[in-house]
Structure formats: C-alpha cells, structure tokens
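*Asks:* As input, take upload07.cif (mmCIF, C-alpha atoms and all ligand atoms):
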```cif
data_protein
loop_
_atom_site.label_atom_id
_atom_site.label_comp_id
_atom_site.auth_asym_id
_atom_site.auth_seq_id
_atom_site.Cartn_x
_atom_site.Cartn_y
_atom_site.Cartn_z
CA GLN A 1 22.02 -11.65 28.12
CA LEU A 2 20.01 -10.38 25.11
CA ASP A 3 23.28 -9.20 23.58
CA ALA A 4 24.30 -12.75 22.73
CA LEU A 5 21.31 -13.01 20.36
CA TYR A 6 22.74 -10.40 18.03
CA SER A 7 25.58 -10.73 15.53
CA ALA A 8 28.77 -8.69 15.82
CA ASP A 9 27.63 -6.48 12.93
CA GLU A 10 24.24 -5.87 14.55
CA ARG A 11 25.91 -4.94 17.84
CA ARG A 12 28.27 -2.63 15.97
CA TYR A 13 25.33 -0.69 14.49
CA ARG A 14 23.67 -0.58 17.89
CA ASP A 15 26.80 0.70 19.62
CA LEU A 16 27.48 3.33 16.95
CA THR A 17 23.95 4.65 17.38
CA ARG A 18 24.15 4.47 21.17
CA GLU A 19 27.27 6.65 21.12
CA LEU A 20 25.63 9.16 18.77
CA ILE A 21 22.57 9.45 21.01
CA ALA A 22 24.61 9.68 24.22
CA SER A 23 26.90 12.42 22.93
CA GLU A 24 24.71 14.44 20.55
CA VAL A 25 21.15 13.96 21.73
CA LEU A 26 20.72 13.18 25.44
CA PRO A 27 22.39 16.40 26.69
CA HIS A 28 20.01 18.59 24.62
CA VAL A 29 16.83 16.68 23.91
CA GLY A 30 14.76 18.03 26.83
CA GLN A 31 15.40 21.58 25.63
CA TRP A 32 14.65 20.67 22.00
CA TRP A 33 11.37 19.16 23.14
CA ASP A 34 10.49 22.30 25.18
CA ASP A 35 11.31 24.53 22.21
CA GLY A 36 9.70 22.27 19.59
CA ILE A 37 12.97 21.94 17.65
CA PHE A 38 14.15 19.15 15.37
CA PRO A 39 17.98 19.20 15.30
CA SER A 40 18.72 20.11 11.69
CA ASP A 41 22.14 18.36 11.70
CA PHE A 42 20.70 15.01 12.85
CA PRO A 43 20.04 13.65 9.30
CA LYS A 44 23.66 14.31 8.27
CA LYS A 45 25.03 12.73 11.45
CA CYS A 46 22.93 9.61 10.82
CA GLY A 47 24.03 9.57 7.18
CA GLU A 48 27.71 9.77 8.12
CA LEU A 49 27.34 6.70 10.33
CA GLY A 50 25.54 4.76 7.58
CA LEU A 51 22.28 4.54 9.53
CA LEU A 52 19.92 5.65 6.72
CA GLY A 53 18.74 3.12 4.16
CA MET A 54 21.16 0.64 5.75
CA THR A 55 19.15 -2.44 4.67
CA LEU A 56 19.34 -1.48 0.97
CA SER A 57 21.75 -3.48 -1.14
CA PRO A 58 25.24 -2.07 -1.82
CA ASP A 59 24.36 -1.55 -5.51
CA GLN A 60 21.62 0.83 -4.35
CA GLY A 61 23.99 2.62 -2.01
CA GLY A 62 23.01 0.78 1.18
CA ALA A 63 25.03 -1.56 3.36
CA GLY A 64 22.90 -4.70 3.02
CA ALA A 65 22.50 -4.68 6.81
CA SER A 66 19.96 -6.99 8.43
CA TYR A 67 16.49 -5.73 9.37
CA THR A 68 17.38 -6.71 12.92
CA ALA A 69 20.29 -4.24 12.79
CA TYR A 70 17.87 -1.59 11.47
CA GLY A 71 15.56 -2.40 14.38
CA LEU A 72 18.40 -1.96 16.89
CA VAL A 73 19.28 1.41 15.37
CA ASN A 74 15.67 2.50 15.87
CA GLN A 75 15.80 1.22 19.46
CA GLU A 76 18.85 3.33 20.27
CA VAL A 77 17.49 6.42 18.51
CA GLU A 78 14.20 6.12 20.41
CA TYR A 79 16.16 5.82 23.68
CA GLY A 80 16.85 9.46 22.85
CA ASP A 81 13.40 10.46 21.62
CA SER A 82 10.51 8.99 19.62
CA GLY A 83 10.51 12.10 17.43
CA LEU A 84 14.04 11.39 16.24
CA ARG A 85 13.13 7.77 15.60
CA SER A 86 10.18 9.07 13.56
CA PHE A 87 12.75 10.80 11.36
CA THR A 88 14.84 7.63 10.87
CA SER A 89 11.73 5.48 10.29
CA VAL A 90 10.30 7.83 7.69
CA GLN A 91 13.60 8.39 5.90
CA SER A 92 14.53 4.70 5.71
CA SER A 93 11.24 2.79 5.57
CA LEU A 94 8.83 5.26 4.05
CA VAL A 95 11.03 7.19 1.60
CA LEU A 96 14.20 5.26 0.70
CA ASP A 97 12.45 1.90 0.69
CA PRO A 98 9.66 2.83 -1.79
CA ILE A 99 12.10 4.70 -4.02
CA ALA A 100 14.45 1.69 -4.08
CA ARG A 101 11.63 -0.78 -4.63
CA TYR A 102 9.23 1.07 -6.87
CA GLY A 103 11.09 4.12 -8.23
CA THR A 104 12.01 4.56 -11.88
CA GLU A 105 15.75 4.61 -12.67
CA ALA A 106 15.64 8.42 -12.98
CA VAL A 107 14.09 8.80 -9.55
CA LYS A 108 16.57 6.39 -7.96
CA LYS A 109 19.48 8.19 -9.54
CA ARG A 110 18.25 11.56 -8.29
CA TRP A 111 17.31 10.67 -4.72
CA LEU A 112 18.90 7.50 -3.30
CA THR A 113 22.40 8.82 -2.61
CA PRO A 114 21.48 12.19 -1.01
CA LEU A 115 18.82 10.53 1.16
CA ILE A 116 21.23 7.79 2.31
CA GLN A 117 23.94 10.33 3.07
CA GLY A 118 21.56 12.59 4.99
CA ASP A 119 22.09 15.45 2.54
CA ALA A 120 18.40 15.33 1.68
CA VAL A 121 15.35 14.66 3.85
CA GLY A 122 12.21 12.87 2.71
CA CYS A 123 8.62 12.65 3.89
CA PHE A 124 5.70 10.29 3.20
CA SER A 125 2.16 11.49 2.84
CA LEU A 126 -0.70 9.01 2.96
CA THR A 127 -3.00 10.35 5.68
CA GLU A 128 -5.65 12.98 4.96
CA PRO A 129 -7.43 15.41 7.31
CA HIS A 130 -10.67 13.37 7.42
CA GLY A 131 -8.87 10.39 9.01
CA GLY A 132 -5.85 8.12 8.71
CA SER A 133 -7.05 4.60 9.38
CA ASP A 134 -8.98 4.09 6.14
CA PRO A 135 -6.58 5.14 3.37
CA VAL A 136 -8.71 3.57 0.64
CA ASN A 137 -11.18 6.40 1.26
CA MET A 138 -8.63 8.79 -0.21
CA LYS A 139 -9.67 12.19 -1.61
CA VAL A 140 -6.39 13.38 -3.16
CA THR A 141 -6.45 12.70 -6.90
CA ALA A 142 -3.88 12.38 -9.68
CA ARG A 143 -5.12 13.26 -13.18
CA ARG A 144 -3.07 12.25 -16.23
CA VAL A 145 -2.37 15.20 -18.56
CA GLY A 146 0.03 14.31 -21.41
CA ASN A 147 3.35 13.24 -19.90
CA ASP A 148 2.43 14.56 -16.46
CA TYR A 149 0.11 13.90 -13.57
CA VAL A 150 -1.70 16.75 -11.83
CA LEU A 151 -2.27 16.20 -8.11
CA SER A 152 -4.96 17.99 -6.11
CA GLY A 153 -6.17 17.77 -2.53
CA HIS A 154 -5.09 17.95 1.09
CA LYS A 155 -2.81 15.70 3.17
CA ARG A 156 -2.04 15.81 6.89
CA TRP A 157 0.38 14.38 9.43
CA ALA A 158 3.45 14.09 7.25
CA THR A 159 6.51 13.77 9.51
CA ASN A 160 9.56 15.76 8.26
CA ALA A 161 7.54 17.58 5.57
CA VAL A 162 8.51 21.13 6.57
CA ILE A 163 12.22 20.25 6.32
CA ALA A 164 11.89 17.77 3.47
CA ASP A 165 13.46 18.03 0.03
CA VAL A 166 11.25 15.32 -1.42
CA ALA A 167 7.81 13.92 -0.64
CA ILE A 168 6.25 10.57 -1.46
CA VAL A 169 2.60 11.48 -1.96
CA TRP A 170 -0.16 8.89 -2.40
CA ALA A 171 -3.22 9.74 -4.49
CA ILE A 172 -6.08 8.07 -6.34
CA ASN A 173 -5.01 7.67 -9.95
CA GLU A 174 -8.09 8.80 -11.89
CA GLU A 175 -7.08 6.60 -14.85
CA THR A 176 -7.23 3.36 -12.84
CA GLY A 177 -9.17 4.27 -9.70
CA LYS A 178 -6.26 2.80 -7.71
CA VAL A 179 -3.90 4.32 -5.15
CA ALA A 180 -0.64 5.49 -6.75
CA GLY A 181 2.53 7.05 -5.30
CA PHE A 182 4.40 10.07 -6.65
CA VAL A 183 7.90 11.33 -5.85
CA ILE A 184 7.63 15.10 -5.65
CA PRO A 185 10.45 17.56 -4.90
CA THR A 186 9.03 19.85 -2.22
CA ASP A 187 10.01 23.00 -4.14
CA THR A 188 7.55 22.05 -6.88
CA ALA A 189 5.17 24.91 -7.68
CA SER A 190 1.69 24.87 -6.10
CA MET A 191 2.73 22.58 -3.26
CA GLU A 192 2.01 24.21 0.11
CA ILE A 193 3.51 22.74 3.29
CA ILE A 194 2.20 24.03 6.62
CA GLY A 195 3.77 23.01 9.94
CA ILE A 196 1.60 21.69 12.78
CA ASN A 197 3.18 23.30 15.81
CA ASN A 198 0.70 23.06 18.68
CA LYS A 199 1.58 19.47 19.62
CA ALA A 200 1.74 18.25 23.23
CA SER A 201 3.65 15.18 22.02
CA MET A 202 6.49 14.47 19.55
CA ARG A 203 7.78 18.02 19.88
CA VAL A 204 11.24 17.08 18.55
CA SER A 205 9.62 15.87 15.33
CA VAL A 206 8.23 18.19 12.68
CA SER A 207 4.75 17.38 11.35
CA ALA A 208 2.84 19.11 8.59
CA GLU A 209 -0.10 19.26 6.30
CA ILE A 210 0.43 19.39 2.57
CA LYS A 211 -1.94 21.21 0.23
CA LEU A 212 -1.69 20.26 -3.44
CA HIS A 213 -3.11 22.98 -5.66
CA ASP A 214 -2.88 21.23 -9.06
CA VAL A 215 0.74 20.16 -8.59
CA VAL A 216 2.29 19.00 -11.88
CA VAL A 217 4.49 15.89 -11.60
CA PRO A 218 6.26 14.16 -14.55
CA ALA A 219 4.92 10.66 -15.21
CA SER A 220 8.44 9.31 -14.63
CA ASN A 221 8.04 10.33 -10.97
CA LYS A 222 5.16 7.90 -10.48
CA LEU A 223 6.13 4.84 -8.43
CA GLU A 224 5.80 1.53 -10.24
CA VAL A 225 3.24 0.00 -7.91
CA ASP A 226 -0.55 0.15 -8.02
CA GLY A 227 -3.07 -0.12 -5.21
CA LEU A 228 -3.00 0.10 -1.46
CA ARG A 229 -0.32 -2.53 -1.20
CA GLY A 230 2.15 0.21 -2.28
CA PRO A 231 1.87 2.37 0.85
CA LEU A 232 0.99 -0.54 3.14
CA SER A 233 4.12 -2.47 2.12
CA CYS A 234 6.18 0.59 3.14
CA LEU A 235 4.27 0.90 6.40
CA ASN A 236 5.25 -2.72 7.22
CA GLY A 237 8.87 -1.54 7.50
CA ALA A 238 8.02 1.51 9.58
CA ARG A 239 5.78 -0.49 11.92
CA PHE A 240 8.53 -3.09 12.26
CA GLY A 241 10.97 -0.33 13.27
CA ILE A 242 8.51 0.89 15.90
CA ALA A 243 8.33 -2.58 17.49
CA PHE A 244 12.07 -2.19 18.21
CA GLY A 245 12.12 1.57 18.76
CA VAL A 246 9.67 1.69 21.64
CA VAL A 247 11.82 -0.79 23.59
CA GLY A 248 14.44 1.98 23.61
CA ALA A 249 11.95 4.56 24.93
CA GLY A 250 10.89 2.12 27.66
CA GLN A 251 14.51 1.33 28.52
CA ALA A 252 15.31 5.03 28.89
CA CYS A 253 12.41 5.40 31.34
CA PHE A 254 13.51 2.32 33.28
CA ASP A 255 17.13 3.50 33.52
CA GLU A 256 16.05 6.94 34.70
CA ALA A 257 13.62 5.58 37.30
CA ARG A 258 16.17 3.11 38.67
CA GLY A 259 18.72 5.89 39.12
CA TYR A 260 16.17 8.22 40.67
CA VAL A 261 14.86 5.82 43.30
CA ALA A 262 18.40 4.93 44.36
CA ASP A 263 19.20 8.60 45.09
CA ARG A 264 15.88 9.88 46.41
CA HIS A 265 15.41 9.47 50.18
CA ILE A 266 11.98 9.42 51.77
CA PHE A 267 10.84 8.14 55.17
CA GLY A 268 14.53 7.88 56.08
CA GLU A 269 15.67 5.55 53.32
CA PRO A 270 16.10 5.43 49.56
CA LEU A 271 12.89 5.00 47.57
CA ALA A 272 14.57 1.91 46.13
CA ALA A 273 14.26 0.26 49.55
CA LYS A 274 10.47 0.37 49.34
CA GLN A 275 8.73 -2.86 48.39
CA LEU A 276 6.20 -1.08 46.15
CA VAL A 277 9.03 0.55 44.19
CA GLN A 278 10.88 -2.74 43.83
CA ALA A 279 7.68 -4.40 42.63
CA ASP A 280 7.28 -1.71 39.95
CA LEU A 281 10.91 -2.09 38.89
CA ALA A 282 10.50 -5.86 38.63
CA ASP A 283 7.39 -5.43 36.43
CA MET A 284 9.15 -2.90 34.22
CA LEU A 285 12.18 -5.15 33.77
CA ALA A 286 10.02 -8.17 32.97
CA ASP A 287 7.96 -6.11 30.49
CA LEU A 288 11.06 -4.76 28.73
CA THR A 289 12.73 -8.17 28.59
CA LYS A 290 9.66 -9.67 26.90
CA ALA A 291 9.42 -6.71 24.50
CA GLY A 292 13.11 -7.08 23.61
CA LEU A 293 12.66 -10.79 22.94
CA LEU A 294 9.57 -10.14 20.80
CA ALA A 295 11.45 -7.51 18.79
CA HIS A 296 14.39 -9.85 18.31
CA HIS A 297 12.13 -12.69 17.10
CA LEU A 298 10.31 -10.33 14.74
CA GLY A 299 13.69 -9.16 13.41
CA ARG A 300 14.80 -12.69 12.69
CA LEU A 301 11.47 -13.46 10.97
CA LYS A 302 11.85 -10.37 8.80
CA ASP A 303 15.43 -11.24 7.91
CA GLU A 304 14.25 -14.69 6.84
CA GLY A 305 11.41 -13.18 4.76
CA LYS A 306 8.82 -14.77 7.06
CA ALA A 307 7.39 -11.74 8.87
CA THR A 308 3.74 -11.31 7.86
CA PRO A 309 1.79 -8.07 8.34
CA ALA A 310 0.01 -9.78 11.27
CA HIS A 311 3.35 -10.56 12.96
CA ILE A 312 4.31 -6.91 12.57
CA SER A 313 0.93 -5.72 13.91
CA LEU A 314 1.43 -7.89 16.98
CA GLY A 315 4.91 -6.49 17.57
CA LYS A 316 4.00 -2.83 17.00
CA ARG A 317 0.85 -3.02 19.14
CA ASP A 318 2.20 -5.00 22.04
CA ASN A 319 5.59 -3.36 22.37
CA THR A 320 4.04 0.11 22.20
CA ARG A 321 1.58 -0.84 24.94
CA THR A 322 4.51 -2.09 27.01
CA ALA A 323 6.49 1.12 26.53
CA VAL A 324 3.45 3.24 27.44
CA ARG A 325 3.03 1.21 30.65
CA VAL A 326 6.71 1.45 31.55
CA SER A 327 6.86 5.20 30.89
CA ARG A 328 3.82 5.81 33.10
CA ALA A 329 5.31 3.74 35.92
CA ALA A 330 8.59 5.67 35.62
CA ARG A 331 6.79 9.01 35.63
CA ASP A 332 4.96 7.96 38.79
CA MET A 333 8.20 6.93 40.55
CA LEU A 334 9.67 10.34 39.85
CA GLY A 335 6.75 12.00 41.66
CA GLY A 336 6.34 15.72 40.98
CA ASN A 337 9.71 15.88 39.28
CA GLY A 338 8.39 13.37 36.78
CA ILE A 339 6.35 16.05 35.02
CA LEU A 340 9.43 18.16 34.26
CA THR A 341 11.25 17.96 30.95
CA ASP A 342 14.50 17.96 32.98
CA TYR A 343 13.68 14.24 33.15
CA ALA A 344 12.85 11.92 30.28
CA ALA A 345 9.83 9.99 31.57
CA MET A 346 7.03 12.45 30.79
CA ARG A 347 8.55 13.37 27.42
CA HIS A 348 8.67 9.71 26.42
CA MET A 349 5.20 9.13 27.89
CA THR A 350 3.54 11.82 25.81
CA ASN A 351 5.55 10.86 22.70
CA LEU A 352 4.38 7.29 23.07
CA GLU A 353 0.76 8.44 22.91
CA SER A 354 1.49 9.45 19.31
CA VAL A 355 3.35 6.21 18.62
CA SER A 356 0.30 4.33 19.83
CA THR A 357 -1.81 6.19 17.23
CA TYR A 358 0.41 6.52 14.16
CA GLU A 359 1.53 3.95 11.59
CA GLY A 360 -1.68 2.01 12.24
CA SER A 361 -3.42 2.86 15.49
CA ASP A 362 -3.63 0.43 18.39
CA SER A 363 -7.24 -0.25 17.31
CA VAL A 364 -6.28 -0.94 13.67
CA HIS A 365 -3.65 -3.47 14.77
CA THR A 366 -6.10 -5.04 17.22
CA LEU A 367 -8.60 -5.57 14.39
CA LEU A 368 -5.89 -6.84 12.02
CA LEU A 369 -5.04 -9.45 14.66
CA GLY A 370 -8.73 -10.17 15.25
CA ARG A 371 -9.11 -10.83 11.52
CA GLU A 372 -6.03 -13.06 11.52
CA ILE A 373 -7.37 -15.08 14.46
CA THR A 374 -11.00 -15.41 13.35
CA GLY A 375 -10.93 -14.90 9.60
CA ILE A 376 -13.65 -12.24 10.04
CA ASN A 377 -13.10 -8.62 8.95
CA ALA A 378 -14.47 -6.39 11.75
CA PHE A 379 -13.23 -2.98 10.53
P1 LIG B 401 -7.26 -4.69 1.89
O1 LIG B 401 -8.36 -4.04 1.13
O2 LIG B 401 -7.46 -6.06 2.39
O3 LIG B 401 -5.90 -4.71 1.10
C1 LIG B 401 -5.65 -3.78 0.13
C2 LIG B 401 -4.40 -4.22 -0.59
O4 LIG B 401 -3.27 -3.94 0.26
C3 LIG B 401 -2.56 -5.16 0.51
N1 LIG B 401 -2.10 -5.09 1.89
C4 LIG B 401 -0.83 -5.06 2.21
N2 LIG B 401 0.29 -5.16 1.47
C5 LIG B 401 1.46 -5.09 2.12
N3 LIG B 401 1.55 -4.94 3.45
C6 LIG B 401 0.46 -4.84 4.23
N4 LIG B 401 0.58 -4.66 5.53
C7 LIG B 401 -0.80 -4.92 3.61
N5 LIG B 401 -2.07 -4.85 4.07
C8 LIG B 401 -2.85 -4.97 2.99
C9 LIG B 401 -3.56 -6.25 0.29
O5 LIG B 401 -2.91 -7.46 -0.02
C10 LIG B 401 -4.32 -5.69 -0.88
O6 LIG B 401 -3.50 -5.83 -2.04
P2 LIG B 401 -4.15 -6.18 -3.45
O7 LIG B 401 -2.98 -6.15 -4.40
O8 LIG B 401 -4.78 -7.52 -3.28
O9 LIG B 401 -5.17 -5.11 -3.72
O10 LIG B 401 -6.94 -3.77 3.00
P3 LIG B 401 -6.89 -4.23 4.46
O11 LIG B 401 -8.30 -4.63 4.87
O12 LIG B 401 -5.82 -5.21 4.71
O13 LIG B 401 -6.49 -2.90 5.15
C11 LIG B 401 -7.36 -2.24 5.96
C12 LIG B 401 -6.55 -1.52 7.01
C13 LIG B 401 -7.49 -0.69 7.85
C14 LIG B 401 -5.86 -2.53 7.89
C15 LIG B 401 -5.49 -0.69 6.32
O14 LIG B 401 -6.11 0.24 5.53
C16 LIG B 401 -4.59 -0.02 7.33
O15 LIG B 401 -3.54 -0.55 7.69
N6 LIG B 401 -4.96 1.17 7.79
C17 LIG B 401 -4.10 1.96 8.62
C18 LIG B 401 -3.29 2.84 7.74
C19 LIG B 401 -2.22 3.54 8.49
O16 LIG B 401 -1.40 2.91 9.11
N7 LIG B 401 -2.30 4.87 8.44
C20 LIG B 401 -1.38 5.68 9.13
C21 LIG B 401 -0.20 5.98 8.27
S1 LIG B 401 1.01 6.73 9.20
C22 LIG B 401 0.80 8.33 8.80
O17 LIG B 401 -0.08 8.80 8.22
C23 LIG B 401 1.92 9.10 9.04
S2 LIG B 401 2.93 8.72 7.75
C24 LIG B 401 4.36 8.50 8.48
C25 LIG B 401 4.79 9.75 9.12
O18 LIG B 401 4.92 10.77 8.43
O19 LIG B 401 5.00 9.70 10.37
#
```
Kindly return the structure encoded in the file as structure tokens.
*Replies:*
Amino acid sequence: QLDALYSADERRYRDLTRELIASEVLPHVGQWWDDGIFPSDFPKKCGELGLLGMTLSPDQGGAGASYTAYGLVNQEVEYGDSGLRSFTSVQSSLVLDPIARYGTEAVKKRWLTPLIQGDAVGCFSLTEPHGGSDPVNMKVTARRVGNDYVLSGHKRWATNAVIADVAIVWAINEETGKVAGFVIPTDTASMEIIGINNKASMRVSVSAEIKLHDVVVPASNKLEVDGLRGPLSCLNGARFGIAFGVVGAGQACFDEARGYVADRHIFGEPLAAKQLVQADLADMLADLTKAGLLAHHLGRLKDEGKATPAHISLGKRDNTRTAVRVSRAARDMLGGNGILTDYAAMRHMTNLESVSTYEGSDSVHTLLLGREITGINAF
C-alpha cells in the first residue's frame, strides 16, 4: 500500500520510468554489464521523458517536480542498474543542479537546455586520486590569470566523464584559498580524460580520471559559490537520490528471488516451500518496506525544505545497507546460478558495493551521524 503515499504526478513519473526500464533496459542490461557498456542513447531517452533536471523550475527548463518524484525516478532506474542511476544522479543533482543554482547567466544559457533534453551529458569531479572522503585536502588548483582561471592537477572517479560534454570541476582557488567550481566543456584544450575500465562493479557506468594540464577557463565559467558547501550542497541531492535508488535495486533482487524459488524444485518440492527460504523472503520484504518508508519520509522532508544533511546521511547509509543485505540474500537463494549475469542479483550486489562507498562512504555517513548525535567530530 505504499502507492497511496504518493501523488498522482509522482506515480506518473514512476510509471513512465518503470516502462522505460522494462522495455529498454531489462532485456539488455546483463549483456551491457558483461561488456562494460553504457547505452549511449539512454540520456536522450531520459530527456524525452522529462526525467533530467525535473525538479528545476519551469523558467529554468525543468518541470518543477517534487524531490519525491525525482527519488522515485531514481528508484525505477536503479531497478534496472545502479550504473544507470549513477548517470541520472550525476546529470540531475551534480551537474544541472549546480549550474541552475550557482551558474552565471551565460553558463545557464549554454548548458541547461541540452542537459535537460539529454542532448548533452555532464560529469562532476570532486574526488582526487589520494582519496575522496576529505575533499578539503584538495590538490587541484585554480590560478587567476587576467579574465581566466588556469586549472592544474589530477581528479579521479568522475562518473560519465568519458562521454561528457561538460564537466563541473572543483579546485582550490589560489586567490581565496577556498574550494571553487568551474564549468568546463570537455573539449577544452589540455584536459585529458582517461576511462577506468577494469571495474568489477558498476560496469554499465563509465568512470574516469581527469588530468588538467593548465586548462584555461573563462572567469564567467566559475560557479558563484565559495567553499566546500558548494560541492557538498550538490552531493546532498545525489545522496538523497541514492536513498531512493537502492530500494529499486533491492526490489529487483527480491522480485527475481521470489520468482526463482517458486520455479526451482529441490528435495521434491519448490524451494519456496522451504521454511528457511520463506524466512529469508519475509526478512527481505520487511527490510524493503522499511527502506521504502524511510525514502518516502525523506522525500517529504526534502519537499518541505526540512531535510538536513544528517537526515540524508541516515537515508543513504541505511537504505544502502538494506539493499546490500537483500541482494546478498537473493544471490544466495539463486545458488550457483546466482553468480551468473543471466540473473540480476550478483550484478546488483557488486554494484551496491560501489554505492556503499561513493557519494560519502558508509563510514563518512556513520561519523556524520555520530557527530549529529554526540556533538563531537570524530573524523
Ligand atoms: P565542514 O568543514 O564542517 O564544512 C565545510 C563547509 O561545508 C558546509 N557543509 C555542507 N553544506 C551543504 N551540504 C552539506 N551536506 C554540507 N556539509 C558541510 C558547511 O556548512 C561548511 O560551510 P561554511 O560555509 O561554513 O564553510 O565539513 P564537514 O566536517 O561537515 O565535512 C566533512 C566531511 C568528511 C563530512 C565531508 O568532507 C564529506 O562529506 N566528505 C565526503 C565527500 C564525498 O562524499 N566524496 C565523494 C564524492 S562522490 C565522488 O567523488 C564521485 S562524484 C559523483 C560521481 O561522479 O559519481
């Protein structure tokens, strides 16, 4: 009965996305994962359905949809694959959102419409090779030279970068000593983007490192926000989307396991007749129901402007843990077949290992909650 909690418009977005994933993704996603392929037409298909930047106001080209609707879209996309949800999260929360909030008029005019329509792809680059959890310890620098900034250094783990038209790159502004964001077309000279291909997780998502060899960026491409709150405010939206998205990955594993145990006969009866299997199914259903309710509550808080970073940490951390647990249980129920990419469980399970680590690792969110509870910073 969770459906009744959502408005007709929210259900409409969910159903649109569900149809897209059922028809265009589920028949192929195992093969894409095996081959390490991101479907290049996926951005355009999302754009045509109005799924990118959907929470932006109509005057910015969005639909003014609720954050809860955005969450449900992520949930349905991640039912297909966490790598595809990484694309929608990055495009909407980490590229469109900072451009809409902090971009100059020139930058908005250039990028909002193509990104919303899926004609352009964006990426977000905060993390550096020496580690992602402590972004204040950033090595990439931006030096002011006349009307330009010159960026130098090395970034890593930028989702979408190898297919991106534009990158949001965060650097230490040497003038102020503070973190600053820059909107950089990826065909800018001296910007080198190198794919990371040897992943045992998130194989439907493209990841890359970015080397900036004195990349010249006009000052008008600097985002109008200073300090770490710039990137962290964007990450709030992406982390929020994950709290919903992983419920979809867990649901996909549950649905597959339930179907499998009904058909698979062992010791003369369906696996579903075994008490241990029923106990696992009951735990999975209870876990997913609680995760769905948590996501819904977080969505409503965000729509009312009441979701704090700590609320979002709780949602991202706990729902990801739940999805990891559910995917492992599903993989186990499928026995040997569970390790094949003909089935979804193992693919989701290994993807969720990345989800547990990125956009604030499980440990970072644990310590953010610890600080919220005790008032003591234990990082
Ligand atoms: P602190 O020094 O207290 O705060 C610095 C400034 O930031 C503000 N702030 C936030 N603002 C908005 N939303 C949030 N969630 C915020 N958290 C902090 C804060 O108010 C302050 O502003 P100001 O104006 O007073 O200076 O920093 P902290 O102690 O809160 O943060 C420490 C820590 C470790 C929690 C933070 O650095 C953190 O979240 N680290 C994890 C970073 C992370 O998630 N990295 C992974 C990024 S994902 C990735 O690299 C892949 S990109 C996406 C993709 O391509 O897939």
*Asks:* Taking into account only C-alpha atoms and all ligand atoms, which residue in the set A:Gly268, A:Gly237, A:Gly181, A:Gly245 is nearest to ligand LIG 401 (chain B)?
*Replies:*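 Closest to ligand LIG 401 (chain B) of all the choices is A:Gly237.
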*Asks:* For region 328-330 of chain A, list every protein, DNA or RNA residue within 12 Å, evaluated using all atoms listed in the file, and leave out those in the same chain fewer than 6 positions away; present the list as a PyMOL selection string.
*Replies:* chain A and resi 249-261+276-285+287+321-322+336-339+343-353
*Asks:* Compute the set of protein, DNA and RNA residues whose minimum atom distance to ligand LIG 401 (chain B) is at most 7 Å, using all atoms listed in the file, and state it as a ChimeraX atom specification.
*Replies:* /A:86,90,123-127,132-136,157-160,227-230,232-233,235-236,309,358-361,364,368,379
*Asks:* Tell me, as an MDAnalysis selection string, which residues lie within 10 Å of region 101-118 of chain A, counting only C-alpha atoms; anything in the same chain fewer than 3 positions away does not count.
*Replies:* chainID A and resid 41:54 56 60:62 91:92 95:98 121:122 165:166 181:185 219:226 230 234
*Asks:* To one decimal in Å, tell me the separation between CA of Ala189 (chain A) and CA of Met202 (chain A).
*Replies:*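 Separation between CA of Ala189 (chain A) and CA of Met202 (chain A): 29.2 Å.
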*Asks:* List the spatial neighbours of region 12-27 of chain A as a PyMOL selection string - criterion: any atom at most 8 Å away, only C-alpha atoms, same-chain residues fewer than 5 positions off excluded.
*Replies:* chain A and resi 49+51+69+72-73+76-77+79-80
*Asks:* Give the answer as one residue: which of A:Ile373, A:Val204, A:Leu94, A:Leu212 has the shortest atom-to-atom distance to Gly241 (chain A), using only C-alpha atoms?
*Replies:* A:Leu94
*Asks:* When you look at Trp33 (chain A) with a cut-off of 10 Å (counting all atoms listed in the file), what residues show up, excluding the ones that are within fewer than 5 positions of it in the same chain? I need them as an MDAnalysis selection string.
*Replies:* chainID A and resid 28 38 81 83 200:205 341 347
*Asks:* Using only C-alpha atoms, which of the listed residues (A:Asn197, A:Lys211, A:Ile163, A:Ala142) sits closest to Ala180 (chain A)?
*Replies:*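 Selected residue with least distance to Ala180 (chain A): A:Ala142.
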*Asks:* For the atom pair CA of Leu84 (chain A) and CA of His297 (chain A), what is the interatomic distance in Å to one decimal place?
*Replies:*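 Rounded to one decimal, the two atoms are 24.2 Å apart.
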*Asks:* Rounded to one decimal place, report the CA of Met138 (chain A)-CA of Met191 (chain A) distance in Å.
*Replies:*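 It comes out at 18.1 Å.
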*Asks:* Mind checking which residues fall within 6 Å of Thr141 (chain A), counting all atoms listed in the file, ignoring those fewer than 2 positions away in the same chain, and posting them as a PDB file with C-alpha atoms, keeping the file's coordinate frame?
*Replies:*
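As a result, selection_33.pdb now contains:
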```pdb
ATOM      1  CA  LEU A 151      -2.270  16.200  -8.110  1.00  0.00           C
ATOM      2  CA  SER A 152      -4.960  17.990  -6.110  1.00  0.00           C
ATOM      3  CA  ALA A 171      -3.220   9.740  -4.490  1.00  0.00           C
ATOM      4  CA  ILE A 172      -6.080   8.070  -6.340  1.00  0.00           C
TER       5      ILE A 172
END
```
